[in-house]
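See below for the structure under consideration.
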Amino acid sequence: MAALLSPSIPRITAPKPTHGGAPSHSPPDTRYVPGNSLARFLGYFSIGLGLAEVLAPREMARLTGACQEGLLQAYGAREIVCGVGILASTRPTAWLWARVAGDALDLATLAGNLIDADGDRGNRRTRLGVSALAVAGVTALDALCAAQLTAAAALTDD
């Protein structure tokens with residue numbers, strides 16, 4: 001549990017020597033790694049969304065316009081696993097890329113429901129469209145954070 005509450009900043013435990021004649025005097029943990037606070041936010045967001053999908057699939061189906069309650073529960077379990085993985089990992093990059101892949105599944109599911117809702121009365125198409133826009137926004141955040149952490153890992157890995 002303590003791992004979930006501690007920052008998941010990649011740690012640099014030894015100075016990286018410079019090449020050439022100049023000595024390296026950089027202390028450990030001085031490199032700024034962009035994306036860590038966003039990663040933690042996305043981890044908590046993922047757990048919250050996953051709990052809502054697992055515990056209240058009928059309400060989430062009504063809210064989003066997606067009809068498959070069982071699929072929403074499975075997607076909720078995926079969200080919870082990714083969220084815990086992000087918060088428990090010292091390098092959550094792979095977990096964030098897993099969120100991006102999950103977002104692609106979510107968008108495909110919403111698109112399929114939107115096609116099926118072509119003749120539906122009411123505001124189901126509107127709810128599906130708004131849900132797709134919300135998922136697209138979160139997908140952009142997931143991809144941005146994953147790309148930042150991927151780039152940071154390339155700089156810190158030997």
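Convention: chains lettered A, B, ... in structure tokens order; per-chain residue numbering from 1; ligands numbered from 1 as shown.
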
Which residues are close to stretch 105-111 of chain A, i.e. within 7 Å by only C-alpha atoms, leaving aside same-chain residues fewer than 6 positions away? Reply as a count of residues only.
4

Near A:Asp103, within 12 Å and counting only C-alpha atoms, which residues show up once chain neighbours fewer than 4 positions away are dropped, as an mmCIF file with N, CA and C atoms, in the first residue's frame?
```cif
data_model
loop_
_atom_site.group_PDB
_atom_site.id
_atom_site.type_symbol
_atom_site.label_atom_id
_atom_site.label_comp_id
_atom_site.auth_asym_id
_atom_site.auth_seq_id
_atom_site.Cartn_x
_atom_site.Cartn_y
_atom_site.Cartn_z
ATOM 1 N N SER A 46 -7.840 6.090 -13.543
ATOM 2 C CA SER A 46 -8.108 4.760 -14.080
ATOM 3 C C SER A 46 -8.793 3.873 -13.042
ATOM 4 N N TYR A 75 -13.986 -4.003 -19.183
ATOM 5 C CA TYR A 75 -13.174 -2.809 -19.397
ATOM 6 C C TYR A 75 -12.842 -2.145 -18.064
ATOM 7 N N GLY A 76 -13.760 -2.206 -17.115
ATOM 8 C CA GLY A 76 -13.503 -1.657 -15.787
ATOM 9 C C GLY A 76 -12.381 -2.396 -15.077
ATOM 10 N N ARG A 78 -9.969 -3.947 -16.550
ATOM 11 C CA ARG A 78 -8.745 -3.522 -17.240
ATOM 12 C C ARG A 78 -8.268 -2.175 -16.706
ATOM 13 N N GLU A 79 -9.183 -1.244 -16.505
ATOM 14 C CA GLU A 79 -8.826 0.079 -15.982
ATOM 15 C C GLU A 79 -8.205 -0.020 -14.591
ATOM 16 N N CYS A 82 -4.643 -1.473 -14.829
ATOM 17 C CA CYS A 82 -3.710 -0.464 -15.348
ATOM 18 C C CYS A 82 -3.435 0.617 -14.303
ATOM 19 N N LEU A 96 1.107 2.841 -19.061
ATOM 20 C CA LEU A 96 0.462 3.950 -19.768
ATOM 21 C C LEU A 96 0.203 3.590 -21.227
ATOM 22 N N TRP A 97 1.122 2.882 -21.853
ATOM 23 C CA TRP A 97 0.865 2.425 -23.218
ATOM 24 C C TRP A 97 -0.289 1.420 -23.230
ATOM 25 N N ALA A 98 -0.429 0.627 -22.174
ATOM 26 C CA ALA A 98 -1.573 -0.282 -22.069
ATOM 27 C C ALA A 98 -2.877 0.509 -21.974
ATOM 28 N N ARG A 99 -2.847 1.648 -21.285
ATOM 29 C CA ARG A 99 -4.030 2.514 -21.239
ATOM 30 C C ARG A 99 -4.367 3.051 -22.626
ATOM 31 N N LEU A 107 -12.793 3.347 -27.805
ATOM 32 C CA LEU A 107 -13.270 4.131 -28.955
ATOM 33 C C LEU A 107 -13.915 3.230 -30.011
ATOM 34 N N ALA A 108 -13.338 2.058 -30.237
ATOM 35 C CA ALA A 108 -13.918 1.119 -31.206
ATOM 36 C C ALA A 108 -15.287 0.636 -30.734
ATOM 37 N N THR A 109 -15.415 0.368 -29.441
ATOM 38 C CA THR A 109 -16.707 -0.059 -28.887
ATOM 39 C C THR A 109 -17.748 1.048 -29.026
ATOM 40 N N LEU A 110 -17.350 2.281 -28.712
ATOM 41 C CA LEU A 110 -18.285 3.403 -28.850
ATOM 42 C C LEU A 110 -18.676 3.622 -30.306
ATOM 43 N N SER A 131 -19.403 10.712 -25.126
ATOM 44 C CA SER A 131 -18.500 9.725 -24.520
ATOM 45 C C SER A 131 -17.251 9.528 -25.376
ATOM 46 N N ALA A 132 -17.428 9.459 -26.696
ATOM 47 C CA ALA A 132 -16.281 9.287 -27.596
ATOM 48 C C ALA A 132 -15.350 10.488 -27.517
ATOM 49 N N LEU A 133 -15.904 11.689 -27.426
ATOM 50 C CA LEU A 133 -15.057 12.883 -27.286
ATOM 51 C C LEU A 133 -14.281 12.860 -25.972
ATOM 52 N N ALA A 134 -14.942 12.444 -24.895
ATOM 53 C CA ALA A 134 -14.261 12.357 -23.596
ATOM 54 C C ALA A 134 -13.139 11.322 -23.639
ATOM 55 N N VAL A 135 -13.412 10.161 -24.237
ATOM 56 C CA VAL A 135 -12.379 9.122 -24.334
ATOM 57 C C VAL A 135 -11.228 9.601 -25.220
ATOM 58 N N ALA A 136 -11.532 10.307 -26.287
ATOM 59 C CA ALA A 136 -10.469 10.832 -27.162
ATOM 60 C C ALA A 136 -9.580 11.816 -26.395
ATOM 61 N N GLY A 137 -10.179 12.647 -25.552
ATOM 62 C CA GLY A 137 -9.386 13.574 -24.744
ATOM 63 C C GLY A 137 -8.467 12.861 -23.773
ATOM 64 N N VAL A 138 -8.990 11.839 -23.105
ATOM 65 C CA VAL A 138 -8.170 11.068 -22.167
ATOM 66 C C VAL A 138 -7.103 10.286 -22.922
ATOM 67 N N THR A 139 -7.434 9.816 -24.119
ATOM 68 C CA THR A 139 -6.444 9.113 -24.948
ATOM 69 C C THR A 139 -5.272 10.027 -25.264
ATOM 70 N N ALA A 140 -5.570 11.285 -25.570
ATOM 71 C CA ALA A 140 -4.497 12.242 -25.852
ATOM 72 C C ALA A 140 -3.606 12.427 -24.627
ATOM 73 N N LEU A 141 -4.204 12.523 -23.444
ATOM 74 C CA LEU A 141 -3.405 12.648 -22.216
ATOM 75 C C LEU A 141 -2.574 11.390 -21.969
ATOM 76 N N ASP A 142 -3.189 10.226 -22.156
ATOM 77 C CA ASP A 142 -2.458 8.963 -21.975
ATOM 78 C C ASP A 142 -1.267 8.873 -22.927
ATOM 79 N N ALA A 143 -1.491 9.203 -24.201
ATOM 80 C CA ALA A 143 -0.418 9.120 -25.201
ATOM 81 C C ALA A 143 0.677 10.134 -24.908
#
```

Alpha helix (DSSP H) positions in stretch 29-153 of chain A, given as number ranges by chain
A: 36-55, 57-64, 69-88, 93-116, 124-153
